[in-house]
Structures are given as structure tokens and as C-alpha cells.
Amino acid sequence: MYLLERRICDKKAFLWSIFTVQLILIAAVVLIFGSWNTNELFEIDGNVKFVKNYSENAFTNGVSELSRRNNDVRRIDKNGDFSKEFINSSLEDESLCFRDGIEPGDDNSICKCKSDYHGRDCGQPEVLWRAFMTSKIPLNLALPRREPHKIIYFIQATIISMETLKIQIMELNEIVDLFVLCDSSVTRDQSFRLNATEFLKQMDRKILVLSDRKCTPKVVYKKFRRGVGGEKGVTADDVVLFSNSDEILNWRAVKYFKWYDNWPQPVRFRLKYTVYGYYWQHPQNTIIGSAACQISMLEEIFKGDPARMTATKKSGMIVGDLNYVGGWFCQYCYHPLEIVKKLLQEEKDVFLDDKKVIDPTYIEHLIGNGLYVDGKIGLTRLHRFSGKCYAPDFVSTGLSWRYQHILTNVYATYDDYENE
């Protein structure tokens with residue numbers, strides 16, 4: 001009887017010890033992960049989350065700590081001034097108006113929106129308004145942030161044309177805080193020349209050029225996390241953009257993501273599919289291209305691999321339609337010699353007639369007659385002033401004379417100049 005009671009006591013002690021250990025482990029988990037404030041994330045189908053405003057301590061500052069021990073630290077300078085982006089339409093109720101979205105000279109007590117902007121503060125561009133309506137997600141018109149999201153733009157580029165890369169960057173120059181480039185086809189010597197180009201020298205503080213034989217998006221992001229510093233480094237609610245080469249994003253959509261919360265992520269962009277220049281459109285019309293999400297989602301859901309953002313079958317919202325595009329995929333929008341180089345790199349010559357010589361003269365023939373690189377698919381002609389979203393603003397306004405070869409078909413055998 002004594003032995004039986006002793007065994008029972010031993011079992012009770014053992015069970016209590018297990019229970020105590022479990023309580024300690026649970027407490028540890030709560031202490032470690034509690035700062036993530038998971039109540040700020042609302043899941044839809046497991047992968048889609050809404051962007052919320054995180055507390056200052058909601059994200060590890062491991063980037064900054066690593067950067068302080070790194071001799072090659074890249075600081076992210078703040079890009080965005082609330083007082084310049086928003087104005088008070090009424091001093092009494094301190095209501096705000098988004099400067100880009102209101103009619104010039106508007107000084108009324110209620111914001112007077114341009115035709116392609118919406119909302120009480122005129123802060124929702126048409127392209128975003130349509131995206132919310134199409135996705136059937138309620139548009140929660142929250143007030144803009146006093147401190148904008150930092151936007152880090154990763155461009156997975158095989159750099160054929162510095163001109164195209166410049167367009168891709170300059171269209172978002174006033175919005176993006178840091179551009180991160182990496183090109184696996186660039187050798188060490190070429191990398192030095194890449195950094196020495198006048199454009200990149202002028203943009204040195206905003207462009208981080210990485211070189212690696214394995215220039216995969218995951219490797220690039222890992223290098224970025226180790227080498228970016230500043231007073232705050234990056235935080236959970238900073239926004240990551242990811243694009244392949246030749247994808248130019250609509251700056252109006254990206255600017256919305258910078259100043260507002262309450263948008264579903266990940267976001268995908270529907271891009272207008274143009275070829276050789278903005279005057280030829282592929283029969284496919286659009287493609288789903290670039291993506292955006294917060295750093296928290298990139299690391300939690302996509303495991304630090306930006307390429308998985310564009311590979312996922314689920315998205316919170318698709319920005320862009322046939323009338324108001326989320327951007328442009330301008331394929332082979334290079335000079336003919338650069339197109340030949342691109343085709344050789346892609347080994348696209350296997351799709352072409354072996355009897356044809358793939359040289360600049362042949363490419364000029366394709367461009368002039370509106371034929372895709374296979375020499376068979378016919379392209380749809382577009383006219384510069386006859387439709388919306390013809391080309392990115394950086395190309396079509398201001399210095400457009402520099403980009404006539406992609407705004408107008410200079411190799412056309414016939415041209416309807418009255419429509420140009």
C-alpha cells in the first residue's frame with residue numbers, strides 16, 4: 001500500500017513538472033512574439049493581409065544592428081514630406097487635401113478632386129479606386145499617415161539598356177526611398193562601369209547596386225538586410241516593390257501605398273503589354289507583373305524571397321485594368337542592336353526562321369511592320385494622343401524629345417501623322 005501511494009505521488013509530481021515547463025514555454029513565446037501585435041493583421045484565405053500602422057517597436061531592428069558592424073552601410077534617407085503632399089482645406093476642422101488629387105487653385109473648404117481622383121481628401125487615384133471596386137473589398141478611407149511608409153524597390157534586371165532602366169527608376173524617383181539592383185549577367189569589370197555611369201553616379205544615394213553570381217531575389221534581399229542602416233533601418237510596415245526588367249509602375253498607385261494604410265496585400269500590378277515602343281501593343285494586351293507587400297509579409301509569408309510575391313496564385317488586390325493600367329511592360333523597347341543582344345541572351349532565335357539573319361536591319365523591319373520577334377504575331381498599333389495611359393509620365397512629358405524612338409515608330413513604312 002505504501003509503495004502504491006508513493007508511485008501515485010511520483011506520477012503527480014512528474015505531471016506537475018511537465019505542466020510547469022509548458023507554462024514557462026508559453027510565457028516565453030508570448031514574450032518573444034508579443035511585440036508583433038498580430039491583432040493588426042487580418043487574414044483572408046491565409047495569405048492576404050491588410051496593411052496596418054505598426055507601433056515603433058513592432059519589428060526587430062536587426063538590420064540596423066548588423067549594419068553598424070558593417071563597413072559598407074547604406075543609409076535610407078527619408079523621401080516624402082507630409083506638408084508638401086497634403087494641404088489643409090479648412091483651418092477649422094483641419095481637413096486635408098491630397099495636393100496631386102485636387103484641381104489647381106482649389107481653396108474651398110471641401111477638396112475639389114480632379115476627374116481621376118476620389119475620396120474626401122482626393123487621395124485615391126482612379127487606378128486604385130477601380131482596383132478596390134473590382135476586388136469587392138471595402139475601401140476604408142483612412143486618414144493619410146503623418147510619416148510615410150518607406151518604399152524599397154527591388155529590380156531584378158538583366159541590364160541591356162541603361163535608358164530603359166533609367167525610365168523604370170525615374171518614374172518613381174520622387175516616391176521610392178531606395179532602389180536595389182542586381183544583375184547576374186554583370187561581370188566584376190562591368191559592375192565597375194555600371195557604377196561609373198553618369199546616371200547612377202547622380203543617383204548614388206538612392207540606388208544600391210549589388211553584384212553576385214547568384215543574383216536571385218532571395219540572395220539580393222538577404223544582402224540588403226545585412227547592409228542597410230540609418231537611424232531606424234527598416235521596419236515591419238515598410239513596403240517592398242519587386243519588378244522584373246522593363247516593368248515601369250504607375251507612380252500614382254505607388255504613391256498611395258506610401259501615404260495610406262488599409263490596403264490588402266500582396267498587391268499585383270496589371271501592366272500594359274507594349275513591344276518595341278509604346279506605339280505597338282501585344283495581342284495579349286496586359287500581363288500581371290510586379291508586386292508589392294510589407295516587409296513583415298515578405299519575411300513571414302514569402303520567407304524573404306521577393307520572387308515568391310510574383311509566383312503566388314493569391315493576391316490581395318490587382319491594380320490596373322485596360323483603361324487605367326498599373327504600369328507598363330515595354331518588351332524590347334531598346335535600340336535594334338540592343339534587341340539583338342537581348343534575343344541572343346534569351347535564346348529567342350530558336351523560335352525564328354533559320355533562314356533569316358537576326359541583325360539590326362531585320363529588327364527594324366519587324367518594328368516598322370508591327371511584327372513580334374517571332375516574325376509572325378501581329379501587333380496592335382496605338383496612337384500617342386488617342387488613349388489613356390499611352391506611356392509613363394517621365395517619357396511622355398518634359399524630356400519626351402529624348403524618347404521619340406519609343407514614343408513614335410521611326411521605322412514605320414507608313415505613318416498616320418495626323419493621329420500623332
# chains A, B, ... in the order shown; residues from 1 in each chain; ligands from 1

$ closest_atom_pairs --of "region 171-278 of chain A" --to "region 391-410 of chain A" --cutoff "12 Å" --atoms "only C-alpha atoms" --output "JSON lines"
{"residue": "A:Glu171", "atom": "CA", "partner": "A:Phe394", "partner_atom": "CA", "distance": 5.5}
{"residue": "A:Leu172", "atom": "CA", "partner": "A:Phe394", "partner_atom": "CA", "distance": 9.1}
{"residue": "A:Asn173", "atom": "CA", "partner": "A:Phe394", "partner_atom": "CA", "distance": 10.0}
{"residue": "A:Glu174", "atom": "CA", "partner": "A:Phe394", "partner_atom": "CA", "distance": 11.4}
{"residue": "A:Glu247", "atom": "CA", "partner": "A:Pro392", "partner_atom": "CA", "distance": 10.7}
{"residue": "A:Ile248", "atom": "CA", "partner": "A:Pro392", "partner_atom": "CA", "distance": 7.4}
{"residue": "A:Leu249", "atom": "CA", "partner": "A:Pro392", "partner_atom": "CA", "distance": 8.1}
{"residue": "A:Asn250", "atom": "CA", "partner": "A:Pro392", "partner_atom": "CA", "distance": 7.3}
{"residue": "A:Trp251", "atom": "CA", "partner": "A:Pro392", "partner_atom": "CA", "distance": 8.6}
{"residue": "A:Arg252", "atom": "CA", "partner": "A:Asp393", "partner_atom": "CA", "distance": 10.4}
{"residue": "A:Leu271", "atom": "CA", "partner": "A:Ala391", "partner_atom": "CA", "distance": 11.3}
{"residue": "A:Lys272", "atom": "CA", "partner": "A:Ala391", "partner_atom": "CA", "distance": 9.3}
{"residue": "A:Tyr273", "atom": "CA", "partner": "A:Ala391", "partner_atom": "CA", "distance": 11.1}
{"residue": "A:Thr274", "atom": "CA", "partner": "A:Ala391", "partner_atom": "CA", "distance": 9.6}
{"residue": "A:Val275", "atom": "CA", "partner": "A:Ile406", "partner_atom": "CA", "distance": 9.3}
{"residue": "A:Tyr276", "atom": "CA", "partner": "A:Ile406", "partner_atom": "CA", "distance": 6.8}
{"residue": "A:Gly277", "atom": "CA", "partner": "A:Ile406", "partner_atom": "CA", "distance": 4.0}
{"residue": "A:Tyr278", "atom": "CA", "partner": "A:Leu407", "partner_atom": "CA", "distance": 5.6}

$ residues_around --residues "region 236-246 of chain A" --least-positions-apart "6" --cutoff "6 Å" --atoms "only C-alpha atoms" --output "number ranges by chain"
A: 59, 149-157, 290-296, 329-330

$ residues_around --residues "Gly80 (chain A)" --least-positions-apart "4" --cutoff "12 Å" --atoms "only C-alpha atoms" --output "PyMOL selection string"
chain A and resi 84-86+145-151+173-177+255+258-259

$ select_by_dssp --residues "region 129-175 of chain A" --states "helix (DSSP H, G or I)" --output "PyMOL selection string"
chain A and resi 129-135+162-170

$ select_by_dssp --residues "region 101-337 of chain A" --states "strand (DSSP E or B)" --output "compact mmCIF listing (two decimals) with N, CA, C and O atoms, in the first residue's frame"
# COMPACT_ATOMS: atom_id res chain seq x y z
N ILE A 102 -6.16 67.34 -56.30
CA ILE A 102 -7.14 68.43 -56.33
C ILE A 102 -6.90 69.33 -57.54
O ILE A 102 -5.81 69.37 -58.10
N CYS A 113 -11.88 67.43 -56.23
CA CYS A 113 -11.00 66.42 -56.83
C CYS A 113 -10.91 66.57 -58.34
O CYS A 113 -11.87 66.98 -59.00
N TYR A 117 -9.33 61.38 -59.56
CA TYR A 117 -9.03 61.16 -58.14
C TYR A 117 -10.34 61.15 -57.36
O TYR A 117 -11.32 61.78 -57.77
N HIS A 118 -10.34 60.45 -56.24
CA HIS A 118 -11.56 60.27 -55.46
C HIS A 118 -11.26 60.39 -53.96
O HIS A 118 -10.12 60.47 -53.55
N GLN A 124 -7.30 59.15 -53.47
CA GLN A 124 -7.38 57.84 -54.11
C GLN A 124 -7.41 58.00 -55.63
O GLN A 124 -8.42 58.41 -56.20
N PRO A 125 -6.30 57.68 -56.30
CA PRO A 125 -6.29 57.80 -57.76
C PRO A 125 -7.24 56.79 -58.39
O PRO A 125 -7.56 55.76 -57.80
N ILE A 151 9.62 52.99 -48.99
CA ILE A 151 9.42 52.06 -50.09
C ILE A 151 10.77 51.64 -50.64
O ILE A 151 11.58 52.48 -51.06
N ILE A 152 11.02 50.34 -50.64
CA ILE A 152 12.25 49.76 -51.16
C ILE A 152 11.89 49.02 -52.44
O ILE A 152 11.04 48.13 -52.43
N TYR A 153 12.54 49.40 -53.52
CA TYR A 153 12.19 48.86 -54.84
C TYR A 153 13.30 47.94 -55.34
O TYR A 153 14.40 48.40 -55.66
N PHE A 154 13.01 46.65 -55.41
CA PHE A 154 13.95 45.66 -55.92
C PHE A 154 13.66 45.42 -57.40
O PHE A 154 12.54 45.04 -57.76
N ILE A 155 14.66 45.65 -58.23
CA ILE A 155 14.51 45.45 -59.67
C ILE A 155 15.40 44.30 -60.09
O ILE A 155 16.63 44.39 -60.02
N GLN A 156 14.78 43.20 -60.48
CA GLN A 156 15.51 42.03 -60.96
C GLN A 156 15.76 42.23 -62.44
O GLN A 156 14.91 41.94 -63.28
N LEU A 178 14.62 53.77 -51.72
CA LEU A 178 15.86 53.12 -52.12
C LEU A 178 15.58 52.12 -53.23
O LEU A 178 14.65 51.31 -53.13
N PHE A 179 16.37 52.20 -54.30
CA PHE A 179 16.32 51.22 -55.38
C PHE A 179 17.45 50.22 -55.18
O PHE A 179 18.59 50.62 -54.91
N VAL A 180 17.13 48.94 -55.31
CA VAL A 180 18.15 47.90 -55.14
C VAL A 180 18.25 47.12 -56.45
O VAL A 180 17.26 46.54 -56.92
N LEU A 181 19.44 47.11 -57.04
CA LEU A 181 19.67 46.46 -58.32
C LEU A 181 20.68 45.34 -58.17
O LEU A 181 21.62 45.44 -57.38
N CYS A 182 20.49 44.31 -58.94
CA CYS A 182 21.48 43.25 -59.03
C CYS A 182 21.31 42.58 -60.38
O CYS A 182 20.20 42.29 -60.80
N ILE A 207 20.36 54.56 -55.03
CA ILE A 207 20.47 53.29 -55.75
C ILE A 207 21.58 52.45 -55.14
O ILE A 207 22.72 52.89 -55.03
N LEU A 208 21.21 51.25 -54.74
CA LEU A 208 22.18 50.28 -54.22
C LEU A 208 22.41 49.22 -55.28
O LEU A 208 21.49 48.49 -55.64
N VAL A 209 23.63 49.17 -55.84
CA VAL A 209 23.96 48.20 -56.88
C VAL A 209 24.74 47.05 -56.24
O VAL A 209 25.81 47.26 -55.67
N LEU A 210 24.19 45.85 -56.33
CA LEU A 210 24.84 44.67 -55.79
C LEU A 210 25.33 43.79 -56.93
O LEU A 210 24.75 43.77 -58.01
N VAL A 228 21.89 47.56 -44.91
CA VAL A 228 21.17 48.82 -44.89
C VAL A 228 21.04 49.32 -43.47
O VAL A 228 20.64 48.58 -42.57
N GLY A 229 21.42 50.58 -43.28
CA GLY A 229 21.38 51.13 -41.93
C GLY A 229 20.57 52.40 -41.87
O GLY A 229 19.58 52.57 -42.56
N VAL A 239 7.39 49.17 -47.20
CA VAL A 239 6.82 48.49 -48.36
C VAL A 239 7.93 48.06 -49.32
O VAL A 239 8.84 48.84 -49.62
N VAL A 240 7.83 46.82 -49.77
CA VAL A 240 8.77 46.29 -50.77
C VAL A 240 8.06 46.19 -52.11
O VAL A 240 6.97 45.60 -52.22
N LEU A 241 8.66 46.78 -53.14
CA LEU A 241 8.23 46.60 -54.52
C LEU A 241 9.19 45.64 -55.19
O LEU A 241 10.40 45.68 -54.93
N PHE A 242 8.66 44.79 -56.06
CA PHE A 242 9.52 43.89 -56.82
C PHE A 242 9.09 43.85 -58.27
O PHE A 242 7.91 43.65 -58.58
N SER A 243 10.04 44.11 -59.17
CA SER A 243 9.75 44.10 -60.60
C SER A 243 10.84 43.35 -61.34
O SER A 243 12.01 43.36 -60.93
N ASN A 244 10.46 42.75 -62.45
CA ASN A 244 11.44 42.25 -63.39
C ASN A 244 11.85 43.39 -64.32
O ASN A 244 11.33 44.50 -64.22
N GLU A 247 9.67 46.63 -66.56
CA GLU A 247 8.35 46.88 -65.97
C GLU A 247 8.37 48.25 -65.28
O GLU A 247 9.12 48.45 -64.32
N ILE A 248 7.58 49.17 -65.80
CA ILE A 248 7.51 50.52 -65.24
C ILE A 248 6.16 50.67 -64.55
O ILE A 248 5.11 50.45 -65.16
N LEU A 249 6.17 51.04 -63.28
CA LEU A 249 4.95 51.09 -62.49
C LEU A 249 4.30 52.47 -62.52
O LEU A 249 4.98 53.49 -62.66
N PRO A 264 -5.10 45.86 -49.05
CA PRO A 264 -4.81 44.43 -48.93
C PRO A 264 -3.52 44.06 -49.65
O PRO A 264 -3.21 44.59 -50.71
N GLN A 265 -2.78 43.16 -49.05
CA GLN A 265 -1.51 42.73 -49.65
C GLN A 265 -1.44 41.21 -49.70
O GLN A 265 -2.13 40.56 -48.93
N VAL A 267 -0.06 42.99 -53.28
CA VAL A 267 -0.65 43.68 -54.43
C VAL A 267 0.09 43.23 -55.69
O VAL A 267 1.30 43.11 -55.69
N ARG A 268 -0.66 42.97 -56.75
CA ARG A 268 -0.06 42.70 -58.06
C ARG A 268 -0.47 43.82 -59.02
O ARG A 268 -1.50 44.46 -58.84
N PHE A 269 0.34 44.05 -60.02
CA PHE A 269 0.10 45.14 -60.97
C PHE A 269 -0.23 44.57 -62.35
O PHE A 269 0.51 43.72 -62.87
N ARG A 270 -1.34 45.02 -62.91
CA ARG A 270 -1.68 44.67 -64.29
C ARG A 270 -1.02 45.69 -65.21
O ARG A 270 -1.33 46.87 -65.16
N LEU A 271 -0.11 45.20 -66.05
CA LEU A 271 0.72 46.07 -66.86
C LEU A 271 0.28 46.05 -68.32
O LEU A 271 -0.03 44.99 -68.87
N LYS A 272 0.28 47.20 -68.94
CA LYS A 272 0.02 47.30 -70.37
C LYS A 272 1.19 46.66 -71.13
O LYS A 272 2.35 47.00 -70.88
N TYR A 273 0.89 45.75 -72.04
CA TYR A 273 1.92 44.96 -72.71
C TYR A 273 2.24 45.60 -74.05
O TYR A 273 1.53 45.41 -75.04
N THR A 274 3.31 46.39 -74.10
CA THR A 274 3.74 47.03 -75.33
C THR A 274 5.06 46.42 -75.79
O THR A 274 5.81 45.86 -74.98
N VAL A 275 5.35 46.55 -77.08
CA VAL A 275 6.54 45.92 -77.66
C VAL A 275 7.27 46.95 -78.54
O VAL A 275 6.63 47.68 -79.30
N GLY A 277 8.16 49.76 -78.43
CA GLY A 277 7.86 51.12 -78.00
C GLY A 277 6.41 51.17 -77.59
O GLY A 277 5.70 50.16 -77.64
N TYR A 278 5.93 52.32 -77.19
CA TYR A 278 4.55 52.43 -76.68
C TYR A 278 3.53 52.53 -77.80
O TYR A 278 2.33 52.66 -77.54
N TYR A 279 4.00 52.44 -79.04
CA TYR A 279 3.13 52.52 -80.21
C TYR A 279 2.65 51.15 -80.69
O TYR A 279 1.77 51.07 -81.54
N TRP A 280 3.23 50.05 -80.20
CA TRP A 280 2.76 48.70 -80.55
C TRP A 280 2.34 47.97 -79.28
O TRP A 280 3.07 47.93 -78.30
N GLN A 281 1.15 47.38 -79.31
CA GLN A 281 0.64 46.61 -78.18
C GLN A 281 0.50 45.15 -78.57
O GLN A 281 0.01 44.82 -79.65
N HIS A 282 0.95 44.29 -77.69
CA HIS A 282 0.86 42.84 -77.92
C HIS A 282 -0.61 42.43 -77.88
O HIS A 282 -1.41 43.01 -77.13
N PRO A 283 -1.01 41.43 -78.69
CA PRO A 283 -2.42 40.98 -78.68
C PRO A 283 -2.90 40.54 -77.30
O PRO A 283 -4.11 40.57 -77.03
N GLN A 284 -1.98 40.17 -76.44
CA GLN A 284 -2.35 39.78 -75.08
C GLN A 284 -2.84 40.97 -74.27
O GLN A 284 -3.49 40.81 -73.23
N ASN A 285 -2.52 42.16 -74.71
CA ASN A 285 -2.94 43.44 -74.13
C ASN A 285 -2.29 43.76 -72.79
O ASN A 285 -1.69 44.81 -72.62
N THR A 286 -2.48 42.90 -71.78
CA THR A 286 -1.89 43.16 -70.46
C THR A 286 -1.28 41.88 -69.90
O THR A 286 -1.62 40.78 -70.34
N ILE A 287 -0.40 42.07 -68.94
CA ILE A 287 0.12 40.93 -68.17
C ILE A 287 0.10 41.32 -66.69
O ILE A 287 0.13 42.50 -66.35
N ILE A 288 0.04 40.31 -65.83
CA ILE A 288 0.16 40.55 -64.39
C ILE A 288 1.64 40.47 -64.06
O ILE A 288 2.27 39.44 -64.25
N GLY A 289 2.20 41.58 -63.60
CA GLY A 289 3.64 41.64 -63.38
C GLY A 289 4.04 41.91 -61.95
O GLY A 289 3.86 41.09 -61.07
N SER A 290 4.58 43.09 -61.70
CA SER A 290 5.22 43.46 -60.45
C SER A 290 4.32 43.21 -59.23
O SER A 290 3.11 43.02 -59.37
N ALA A 291 4.93 43.28 -58.05
CA ALA A 291 4.19 43.01 -56.82
C ALA A 291 4.66 43.94 -55.70
O ALA A 291 5.75 44.52 -55.77
N ALA A 292 3.83 44.08 -54.67
CA ALA A 292 4.17 44.90 -53.51
C ALA A 292 3.58 44.28 -52.26
O ALA A 292 2.48 43.71 -52.28
N CYS A 293 4.33 44.37 -51.17
CA CYS A 293 3.82 43.98 -49.85
C CYS A 293 4.72 44.60 -48.80
O CYS A 293 5.75 45.19 -49.11
N GLN A 294 4.32 44.47 -47.54
CA GLN A 294 5.15 44.97 -46.46
C GLN A 294 6.27 43.98 -46.15
O GLN A 294 6.19 42.79 -46.45
N MET A 317 -5.03 42.25 -54.03
CA MET A 317 -5.66 43.18 -54.95
C MET A 317 -4.80 43.29 -56.20
O MET A 317 -3.57 43.22 -56.12
N ILE A 318 -5.44 43.41 -57.36
CA ILE A 318 -4.72 43.64 -58.61
C ILE A 318 -4.98 45.07 -59.05
O ILE A 318 -6.12 45.48 -59.24
N VAL A 319 -3.91 45.84 -59.19
CA VAL A 319 -4.01 47.25 -59.55
C VAL A 319 -3.86 47.41 -61.04
O VAL A 319 -2.83 47.05 -61.61
N GLY A 327 0.74 49.93 -64.77
CA GLY A 327 2.09 50.19 -65.24
C GLY A 327 2.22 49.70 -66.67
O GLY A 327 1.23 49.40 -67.35
N TRP A 328 3.46 49.60 -67.12
CA TRP A 328 3.75 49.21 -68.49
C TRP A 328 4.83 48.12 -68.51
O TRP A 328 5.84 48.24 -67.80
N PHE A 329 4.61 47.09 -69.30
CA PHE A 329 5.67 46.14 -69.61
C PHE A 329 6.08 46.43 -71.05
O PHE A 329 5.39 46.05 -72.00
N CYS A 330 7.16 47.17 -71.20
CA CYS A 330 7.61 47.59 -72.53
C CYS A 330 8.71 46.62 -72.96
O CYS A 330 9.89 46.83 -72.69
N GLN A 331 8.32 45.56 -73.63
CA GLN A 331 9.24 44.50 -74.00
C GLN A 331 10.03 44.89 -75.26
O GLN A 331 9.46 45.37 -76.24

$ atom_distance --atom1 "CA of Lys222 (chain A)" --atom2 "CA of Thr310 (chain A)"
17.9 Å

$ closest_residue --among "A:Gly123, A:Pro217, A:Gly387, A:Gly304" --to "Phe257 (chain A)" --atoms "only C-alpha atoms"
A:Gly123

$ atom_distance --atom1 "CA of Gly378 (chain A)" --atom2 "CA of Lys313 (chain A)"
29.7 Å
